[in-house]
Amino acid sequence: MDLGLRGSAALVTGGNRGIGLATARVLVAEGASVALLGRDADTLAAARTELGPQAVTVAADTTDDAQVRRAVDAAAEQLGRLDVVVNAAAPRATGTQPTGLAGLDEEDFLRQLDTKALGYLRVVRAALPHLLAHGDGGAVVNISGMNARSTGPIAGSVRNIAVVALSKNLADELGPQGISVVCVHPGLTVTERNADDPAYAAKTAGLNALGRAVSAAEVADVVAFLASPRGRVANGAVVTADGGRPGAIWA
């Protein structure tokens, strides 16, 4: 299927690793040019080298609005336009965070929200004039996570459900302007960080109905479709990409 992304331009935050980088790979393969936004110069440079001439990089900490605005404007200038934003920049979820009130770290809680929820909003706000500039629509895909649907570390649950809420608010506001906004929930996902860890793969497989590990490349395929003109009818949707959580019914 031709996703209709050839010649388009995308900004991927957190595009230097994990699901963000996997998504950038798919977008480039579909003929899009991509700006990778991240904080780490070395991994950004490595990602750009891997992706080739269709990729550029911009550096920013998404907790800093001034940095975000400069980076987004620089991305649009280098690519010539912006049609797609994929928000994947977030503090790493380790699975070892303490749960409950006794383990609540207020500083970490605020950092999680500032980066993943407010950070996503900062990026969309900065990108919106560029998304609207050509009058032919665009897409925002926000990467959240299945922790939005479960208790556990409070910060992990709250940061992810916040992404659901902000995505629907943006979908209602920007949909009439031709910009679709979709939230994607990956579950535990195999990335370059844990690709050589069989225990992690087994844990991942045990959590979904497919009975196998889900890779970042598979999640990226879903994200790319939702970012494409073919997927924009899903505006406002929350899409799971975790292999199916056994026993749960999502209405």
# chains A, B, ... in the order shown; residues from 1 in each chain; ligands from 1
$ residues_around --residues "range 224-233 of chain A" --least-positions-apart "4" --cutoff "7 Å" --atoms "only C-alpha atoms" --output "PDB file with all heavy atoms, in the first residue's frame"
ATOM      1  N   LEU A   3       1.348   4.737   1.137  1.00  0.00           N
ATOM      2  CA  LEU A   3       0.762   5.547   2.205  1.00  0.00           C
ATOM      3  C   LEU A   3       0.608   7.010   1.823  1.00  0.00           C
ATOM      4  O   LEU A   3       0.006   7.779   2.575  1.00  0.00           O
ATOM      5  CB  LEU A   3       1.611   5.431   3.474  1.00  0.00           C
ATOM      6  CG  LEU A   3       1.680   4.053   4.123  1.00  0.00           C
ATOM      7  CD1 LEU A   3       2.498   4.131   5.415  1.00  0.00           C
ATOM      8  CD2 LEU A   3       0.292   3.496   4.402  1.00  0.00           C
ATOM      9  N   GLY A   4       1.133   7.401   0.689  1.00  0.00           N
ATOM     10  CA  GLY A   4       0.987   8.792   0.273  1.00  0.00           C
ATOM     11  C   GLY A   4       1.895   9.754   1.012  1.00  0.00           C
ATOM     12  O   GLY A   4       1.603  10.949   1.105  1.00  0.00           O
ATOM     13  N   LEU A   5       3.005   9.247   1.540  1.00  0.00           N
ATOM     14  CA  LEU A   5       3.932  10.079   2.310  1.00  0.00           C
ATOM     15  C   LEU A   5       5.110  10.592   1.482  1.00  0.00           C
ATOM     16  O   LEU A   5       5.892  11.410   1.974  1.00  0.00           O
ATOM     17  CB  LEU A   5       4.467   9.288   3.510  1.00  0.00           C
ATOM     18  CG  LEU A   5       3.473   9.081   4.653  1.00  0.00           C
ATOM     19  CD1 LEU A   5       3.980   8.010   5.612  1.00  0.00           C
ATOM     20  CD2 LEU A   5       3.228  10.391   5.390  1.00  0.00           C
ATOM     21  N   THR A  23      10.272   4.691  13.831  1.00  0.00           N
ATOM     22  CA  THR A  23       9.286   5.402  13.025  1.00  0.00           C
ATOM     23  C   THR A  23       9.960   6.213  11.937  1.00  0.00           C
ATOM     24  O   THR A  23       9.489   6.251  10.780  1.00  0.00           O
ATOM     25  CB  THR A  23       8.443   6.319  13.925  1.00  0.00           C
ATOM     26  OG1 THR A  23       7.727   5.515  14.881  1.00  0.00           O
ATOM     27  CG2 THR A  23       7.455   7.133  13.110  1.00  0.00           C
ATOM     28  N   VAL A  26      10.765   4.049   8.976  1.00  0.00           N
ATOM     29  CA  VAL A  26       9.619   3.745   8.116  1.00  0.00           C
ATOM     30  C   VAL A  26       9.245   4.955   7.265  1.00  0.00           C
ATOM     31  O   VAL A  26       8.964   4.832   6.067  1.00  0.00           O
ATOM     32  CB  VAL A  26       8.416   3.285   8.964  1.00  0.00           C
ATOM     33  CG1 VAL A  26       7.204   3.037   8.075  1.00  0.00           C
ATOM     34  CG2 VAL A  26       8.753   2.031   9.744  1.00  0.00           C
ATOM     35  N   LEU A  27       9.236   6.130   7.866  1.00  0.00           N
ATOM     36  CA  LEU A  27       8.872   7.336   7.126  1.00  0.00           C
ATOM     37  C   LEU A  27       9.843   7.584   5.973  1.00  0.00           C
ATOM     38  O   LEU A  27       9.425   7.932   4.853  1.00  0.00           O
ATOM     39  CB  LEU A  27       8.848   8.543   8.071  1.00  0.00           C
ATOM     40  CG  LEU A  27       7.752   8.518   9.143  1.00  0.00           C
ATOM     41  CD1 LEU A  27       7.946   9.669  10.125  1.00  0.00           C
ATOM     42  CD2 LEU A  27       6.363   8.595   8.516  1.00  0.00           C
ATOM     43  N   VAL A  84       3.942  16.325   9.188  1.00  0.00           N
ATOM     44  CA  VAL A  84       3.709  15.312  10.209  1.00  0.00           C
ATOM     45  C   VAL A  84       4.552  15.620  11.435  1.00  0.00           C
ATOM     46  O   VAL A  84       5.717  16.019  11.316  1.00  0.00           O
ATOM     47  CB  VAL A  84       4.078  13.906   9.679  1.00  0.00           C
ATOM     48  CG1 VAL A  84       4.041  12.870  10.799  1.00  0.00           C
ATOM     49  CG2 VAL A  84       3.166  13.495   8.536  1.00  0.00           C
ATOM     50  N   ALA A 139      -0.733  15.686  10.170  1.00  0.00           N
ATOM     51  CA  ALA A 139      -1.031  14.715  11.208  1.00  0.00           C
ATOM     52  C   ALA A 139      -0.069  14.857  12.376  1.00  0.00           C
ATOM     53  O   ALA A 139       1.098  15.198  12.200  1.00  0.00           O
ATOM     54  CB  ALA A 139      -0.944  13.290  10.650  1.00  0.00           C
ATOM     55  N   VAL A 140      -0.608  14.578  13.554  1.00  0.00           N
ATOM     56  CA  VAL A 140       0.184  14.466  14.772  1.00  0.00           C
ATOM     57  C   VAL A 140      -0.094  13.094  15.369  1.00  0.00           C
ATOM     58  O   VAL A 140      -1.262  12.712  15.527  1.00  0.00           O
ATOM     59  CB  VAL A 140      -0.190  15.560  15.802  1.00  0.00           C
ATOM     60  CG1 VAL A 140       0.571  15.348  17.114  1.00  0.00           C
ATOM     61  CG2 VAL A 140       0.072  16.955  15.233  1.00  0.00           C
ATOM     62  N   VAL A 141       0.950  12.351  15.676  1.00  0.00           N
ATOM     63  CA  VAL A 141       0.805  11.071  16.359  1.00  0.00           C
ATOM     64  C   VAL A 141       1.583  11.156  17.668  1.00  0.00           C
ATOM     65  O   VAL A 141       2.798  11.399  17.662  1.00  0.00           O
ATOM     66  CB  VAL A 141       1.316   9.892  15.516  1.00  0.00           C
ATOM     67  CG1 VAL A 141       1.091   8.577  16.264  1.00  0.00           C
ATOM     68  CG2 VAL A 141       0.618   9.856  14.159  1.00  0.00           C
ATOM     69  N   SER A 180      -5.086  15.835  11.737  1.00  0.00           N
ATOM     70  CA  SER A 180      -5.540  14.724  12.572  1.00  0.00           C
ATOM     71  C   SER A 180      -4.558  14.522  13.727  1.00  0.00           C
ATOM     72  O   SER A 180      -3.355  14.750  13.579  1.00  0.00           O
ATOM     73  CB  SER A 180      -5.657  13.440  11.760  1.00  0.00           C
ATOM     74  OG  SER A 180      -4.382  12.923  11.448  1.00  0.00           O
ATOM     75  N   ALA A 220       6.216   1.070  14.770  1.00  0.00           N
ATOM     76  CA  ALA A 220       6.480   2.148  13.821  1.00  0.00           C
ATOM     77  C   ALA A 220       5.615   2.036  12.570  1.00  0.00           C
ATOM     78  O   ALA A 220       5.189   3.055  12.009  1.00  0.00           O
ATOM     79  CB  ALA A 220       7.957   2.146  13.442  1.00  0.00           C
TER      80      ALA A 220
END
$ select_by_dssp --residues "range 118-246 of chain A" --states "helix (DSSP H, G or I)" --output "PyMOL selection string"
chain A and resi 118-132+146-149+154-177+198-206+216-227+229-234
$ write_last_selection --atoms "C-alpha atoms" --output "PDB file, in the first residue's frame"
ATOM      1  CA  LEU A 118       3.548  19.374  28.361  1.00  0.00           C
ATOM      2  CA  GLY A 119       6.521  18.644  26.123  1.00  0.00           C
ATOM      3  CA  TYR A 120       4.234  17.139  23.482  1.00  0.00           C
ATOM      4  CA  LEU A 121       2.012  20.202  23.669  1.00  0.00           C
ATOM      5  CA  ARG A 122       4.983  22.535  23.272  1.00  0.00           C
ATOM      6  CA  VAL A 123       6.057  20.712  20.124  1.00  0.00           C
ATOM      7  CA  VAL A 124       2.580  20.766  18.563  1.00  0.00           C
ATOM      8  CA  ARG A 125       2.115  24.457  19.409  1.00  0.00           C
ATOM      9  CA  ALA A 126       5.429  25.320  17.755  1.00  0.00           C
ATOM     10  CA  ALA A 127       4.742  23.110  14.738  1.00  0.00           C
ATOM     11  CA  LEU A 128       1.156  24.191  14.083  1.00  0.00           C
ATOM     12  CA  PRO A 129       1.903  27.235  11.887  1.00  0.00           C
ATOM     13  CA  HIS A 130       4.087  25.031   9.699  1.00  0.00           C
ATOM     14  CA  LEU A 131       1.494  22.237   9.538  1.00  0.00           C
ATOM     15  CA  LEU A 132      -1.123  24.755   8.398  1.00  0.00           C
ATOM     16  CA  MET A 146      -0.313   0.933  28.065  1.00  0.00           C
ATOM     17  CA  ASN A 147       0.474   2.229  31.536  1.00  0.00           C
ATOM     18  CA  ALA A 148      -2.368   4.646  30.817  1.00  0.00           C
ATOM     19  CA  ARG A 149      -4.688   1.668  31.377  1.00  0.00           C
ATOM     20  CA  ILE A 154       1.773   6.705  39.647  1.00  0.00           C
ATOM     21  CA  ALA A 155       3.906   8.917  37.422  1.00  0.00           C
ATOM     22  CA  GLY A 156       3.866   6.311  34.643  1.00  0.00           C
ATOM     23  CA  SER A 157       0.089   6.011  34.699  1.00  0.00           C
ATOM     24  CA  VAL A 158      -0.515   9.749  34.909  1.00  0.00           C
ATOM     25  CA  ARG A 159       1.939  10.798  32.204  1.00  0.00           C
ATOM     26  CA  ASN A 160       0.417   8.340  29.747  1.00  0.00           C
ATOM     27  CA  ILE A 161      -3.238   9.055  30.456  1.00  0.00           C
ATOM     28  CA  ALA A 162      -2.381  12.750  30.149  1.00  0.00           C
ATOM     29  CA  VAL A 163      -1.240  12.071  26.584  1.00  0.00           C
ATOM     30  CA  VAL A 164      -4.646  10.522  25.842  1.00  0.00           C
ATOM     31  CA  ALA A 165      -6.426  13.612  27.130  1.00  0.00           C
ATOM     32  CA  LEU A 166      -4.230  16.109  25.347  1.00  0.00           C
ATOM     33  CA  SER A 167      -4.478  14.132  22.101  1.00  0.00           C
ATOM     34  CA  LYS A 168      -8.288  14.206  22.117  1.00  0.00           C
ATOM     35  CA  ASN A 169      -8.331  17.900  22.972  1.00  0.00           C
ATOM     36  CA  LEU A 170      -5.999  18.579  20.058  1.00  0.00           C
ATOM     37  CA  ALA A 171      -7.988  16.304  17.745  1.00  0.00           C
ATOM     38  CA  ASP A 172     -11.165  18.285  18.431  1.00  0.00           C
ATOM     39  CA  GLU A 173      -9.401  21.617  18.003  1.00  0.00           C
ATOM     40  CA  LEU A 174      -7.218  20.865  14.997  1.00  0.00           C
ATOM     41  CA  GLY A 175      -9.400  18.387  13.109  1.00  0.00           C
ATOM     42  CA  PRO A 176     -11.526  21.138  11.528  1.00  0.00           C
ATOM     43  CA  GLN A 177      -8.271  22.671  10.270  1.00  0.00           C
ATOM     44  CA  PRO A 198      15.928 -12.799  26.063  1.00  0.00           C
ATOM     45  CA  ALA A 199      14.363 -12.285  29.495  1.00  0.00           C
ATOM     46  CA  TYR A 200      12.872  -8.985  28.352  1.00  0.00           C
ATOM     47  CA  ALA A 201      11.555 -10.570  25.150  1.00  0.00           C
ATOM     48  CA  ALA A 202       9.968 -13.374  27.162  1.00  0.00           C
ATOM     49  CA  LYS A 203       8.356 -10.889  29.549  1.00  0.00           C
ATOM     50  CA  THR A 204       6.987  -8.936  26.595  1.00  0.00           C
ATOM     51  CA  ALA A 205       5.597 -12.076  24.977  1.00  0.00           C
ATOM     52  CA  GLY A 206       3.893 -13.085  28.207  1.00  0.00           C
ATOM     53  CA  ALA A 216       9.704  -1.144  17.693  1.00  0.00           C
ATOM     54  CA  ALA A 217       9.578  -1.685  13.927  1.00  0.00           C
ATOM     55  CA  GLU A 218       6.067  -3.139  14.219  1.00  0.00           C
ATOM     56  CA  VAL A 219       4.871  -0.218  16.321  1.00  0.00           C
ATOM     57  CA  ALA A 220       6.480   2.148  13.821  1.00  0.00           C
ATOM     58  CA  ASP A 221       4.465   0.653  10.964  1.00  0.00           C
ATOM     59  CA  VAL A 222       1.259   1.498  12.829  1.00  0.00           C
ATOM     60  CA  VAL A 223       2.477   5.014  13.586  1.00  0.00           C
ATOM     61  CA  ALA A 224       3.444   5.647   9.974  1.00  0.00           C
ATOM     62  CA  PHE A 225       0.026   4.558   8.726  1.00  0.00           C
ATOM     63  CA  LEU A 226      -1.735   6.844  11.212  1.00  0.00           C
ATOM     64  CA  ALA A 227       0.538   9.719  10.182  1.00  0.00           C
ATOM     65  CA  PRO A 229      -3.156  10.639   4.524  1.00  0.00           C
ATOM     66  CA  ARG A 230      -4.687   7.151   4.518  1.00  0.00           C
ATOM     67  CA  GLY A 231      -4.799   7.035   8.312  1.00  0.00           C
ATOM     68  CA  ARG A 232      -6.093  10.486   9.115  1.00  0.00           C
ATOM     69  CA  VAL A 233      -9.705   9.359   9.371  1.00  0.00           C
ATOM     70  CA  ALA A 234      -8.632   7.950  12.761  1.00  0.00           C
TER      71      ALA A 234
END
$ closest_residue --among "A:Asp40, A:Glu30, A:Asp61, A:Asp105" --to "Ala9 in chain A" --atoms "only C-alpha atoms"
A:Glu30
$ select_by_dssp --residues "range 58-192 of chain A" --states "strand (DSSP E)" --output "ChimeraX atom specification"
/A:58-59,84-87,138-143,179-186
$ write_last_selection --atoms "N, CA and C atoms" --output "PDB file, in the first residue's frame"
ATOM      1  N   VAL A  58      17.811  18.159  14.759  1.00  0.00           N
ATOM      2  CA  VAL A  58      17.706  19.389  15.531  1.00  0.00           C
ATOM      3  C   VAL A  58      17.756  19.002  17.007  1.00  0.00           C
ATOM      4  N   ALA A  59      18.429  19.807  17.806  1.00  0.00           N
ATOM      5  CA  ALA A  59      18.610  19.478  19.220  1.00  0.00           C
ATOM      6  C   ALA A  59      17.707  20.343  20.082  1.00  0.00           C
ATOM      7  N   VAL A  84       3.942  16.325   9.188  1.00  0.00           N
ATOM      8  CA  VAL A  84       3.709  15.312  10.209  1.00  0.00           C
ATOM      9  C   VAL A  84       4.552  15.620  11.435  1.00  0.00           C
ATOM     10  N   VAL A  85       3.954  15.427  12.610  1.00  0.00           N
ATOM     11  CA  VAL A  85       4.698  15.446  13.870  1.00  0.00           C
ATOM     12  C   VAL A  85       4.447  14.127  14.588  1.00  0.00           C
ATOM     13  N   VAL A  86       5.524  13.448  14.979  1.00  0.00           N
ATOM     14  CA  VAL A  86       5.428  12.269  15.822  1.00  0.00           C
ATOM     15  C   VAL A  86       6.127  12.591  17.138  1.00  0.00           C
ATOM     16  N   ASN A  87       5.383  12.583  18.215  1.00  0.00           N
ATOM     17  CA  ASN A  87       5.931  12.862  19.538  1.00  0.00           C
ATOM     18  C   ASN A  87       6.274  11.555  20.232  1.00  0.00           C
ATOM     19  N   GLY A 138      -2.481  17.668   7.677  1.00  0.00           N
ATOM     20  CA  GLY A 138      -1.304  17.102   8.308  1.00  0.00           C
ATOM     21  C   GLY A 138      -1.717  16.161   9.418  1.00  0.00           C
ATOM     22  N   ALA A 139      -0.733  15.686  10.170  1.00  0.00           N
ATOM     23  CA  ALA A 139      -1.031  14.715  11.208  1.00  0.00           C
ATOM     24  C   ALA A 139      -0.069  14.857  12.376  1.00  0.00           C
ATOM     25  N   VAL A 140      -0.608  14.578  13.554  1.00  0.00           N
ATOM     26  CA  VAL A 140       0.184  14.466  14.772  1.00  0.00           C
ATOM     27  C   VAL A 140      -0.094  13.094  15.369  1.00  0.00           C
ATOM     28  N   VAL A 141       0.950  12.351  15.676  1.00  0.00           N
ATOM     29  CA  VAL A 141       0.805  11.071  16.359  1.00  0.00           C
ATOM     30  C   VAL A 141       1.583  11.156  17.668  1.00  0.00           C
ATOM     31  N   ASN A 142       0.886  10.975  18.769  1.00  0.00           N
ATOM     32  CA  ASN A 142       1.484  11.056  20.093  1.00  0.00           C
ATOM     33  C   ASN A 142       1.668   9.653  20.669  1.00  0.00           C
ATOM     34  N   ILE A 143       2.901   9.300  21.022  1.00  0.00           N
ATOM     35  CA  ILE A 143       3.189   7.997  21.585  1.00  0.00           C
ATOM     36  C   ILE A 143       2.955   8.052  23.086  1.00  0.00           C
ATOM     37  N   ILE A 179      -5.952  18.868  10.471  1.00  0.00           N
ATOM     38  CA  ILE A 179      -4.853  18.196  11.159  1.00  0.00           C
ATOM     39  C   ILE A 179      -5.431  17.084  12.027  1.00  0.00           C
ATOM     40  N   SER A 180      -5.086  15.835  11.737  1.00  0.00           N
ATOM     41  CA  SER A 180      -5.540  14.724  12.572  1.00  0.00           C
ATOM     42  C   SER A 180      -4.558  14.522  13.727  1.00  0.00           C
ATOM     43  N   VAL A 181      -5.090  14.099  14.859  1.00  0.00           N
ATOM     44  CA  VAL A 181      -4.261  13.833  16.039  1.00  0.00           C
ATOM     45  C   VAL A 181      -4.682  12.483  16.603  1.00  0.00           C
ATOM     46  N   VAL A 182      -3.716  11.587  16.752  1.00  0.00           N
ATOM     47  CA  VAL A 182      -3.985  10.232  17.212  1.00  0.00           C
ATOM     48  C   VAL A 182      -2.999   9.880  18.321  1.00  0.00           C
ATOM     49  N   CYS A 183      -3.464   9.104  19.278  1.00  0.00           N
ATOM     50  CA  CYS A 183      -2.628   8.611  20.375  1.00  0.00           C
ATOM     51  C   CYS A 183      -2.373   7.117  20.167  1.00  0.00           C
ATOM     52  N   VAL A 184      -1.125   6.691  20.312  1.00  0.00           N
ATOM     53  CA  VAL A 184      -0.765   5.279  20.159  1.00  0.00           C
ATOM     54  C   VAL A 184      -0.210   4.755  21.476  1.00  0.00           C
ATOM     55  N   HIS A 185      -0.750   3.597  21.901  1.00  0.00           N
ATOM     56  CA  HIS A 185      -0.293   2.928  23.119  1.00  0.00           C
ATOM     57  C   HIS A 185       0.557   1.712  22.773  1.00  0.00           C
ATOM     58  N   PRO A 186       1.876   1.809  22.780  1.00  0.00           N
ATOM     59  CA  PRO A 186       2.687   0.589  22.745  1.00  0.00           C
ATOM     60  C   PRO A 186       2.661  -0.065  24.124  1.00  0.00           C
TER      61      PRO A 186
END
$ residues_around --residues "Gly20 in chain A" --least-positions-apart "5" --cutoff "6 Å" --atoms "only C-alpha atoms" --output "ChimeraX atom specification"
/A:14-15,88
$ atom_distance --atom1 "CA of Ala75 in chain A" --atom2 "CA of Thr57 in chain A"
7.5 Å
$ atom_distance --atom1 "CA of Thr49 in chain A" --atom2 "CA of Asp196 in chain A"
22.8 Å
$ closest_residue --among "A:Ser144, A:Ser215, A:Thr191, A:Thr99" --to "Asn16 in chain A" --atoms "only C-alpha atoms"
A:Thr191
$ residues_around --residues "Pro246 in chain A" --least-positions-apart "5" --cutoff "8 Å" --atoms "only C-alpha atoms" --output "MDAnalysis selection string"
chainID A and resid 207:209
$ write_last_selection --atoms "C-alpha atoms" --output "compact mmCIF listing (two decimals), in the first residue's frame"
# COMPACT_ATOMS: atom_id res chain seq x y z
CA LEU A 207 1.89 -9.87 28.36
CA ASN A 208 0.12 -10.07 25.01
CA ALA A 209 -2.25 -12.40 23.23
$ closest_residue --among "A:Gly103, A:Gly152, A:Gly178, A:Gly7" --to "Ala133 in chain A" --atoms "only C-alpha atoms"
A:Gly178
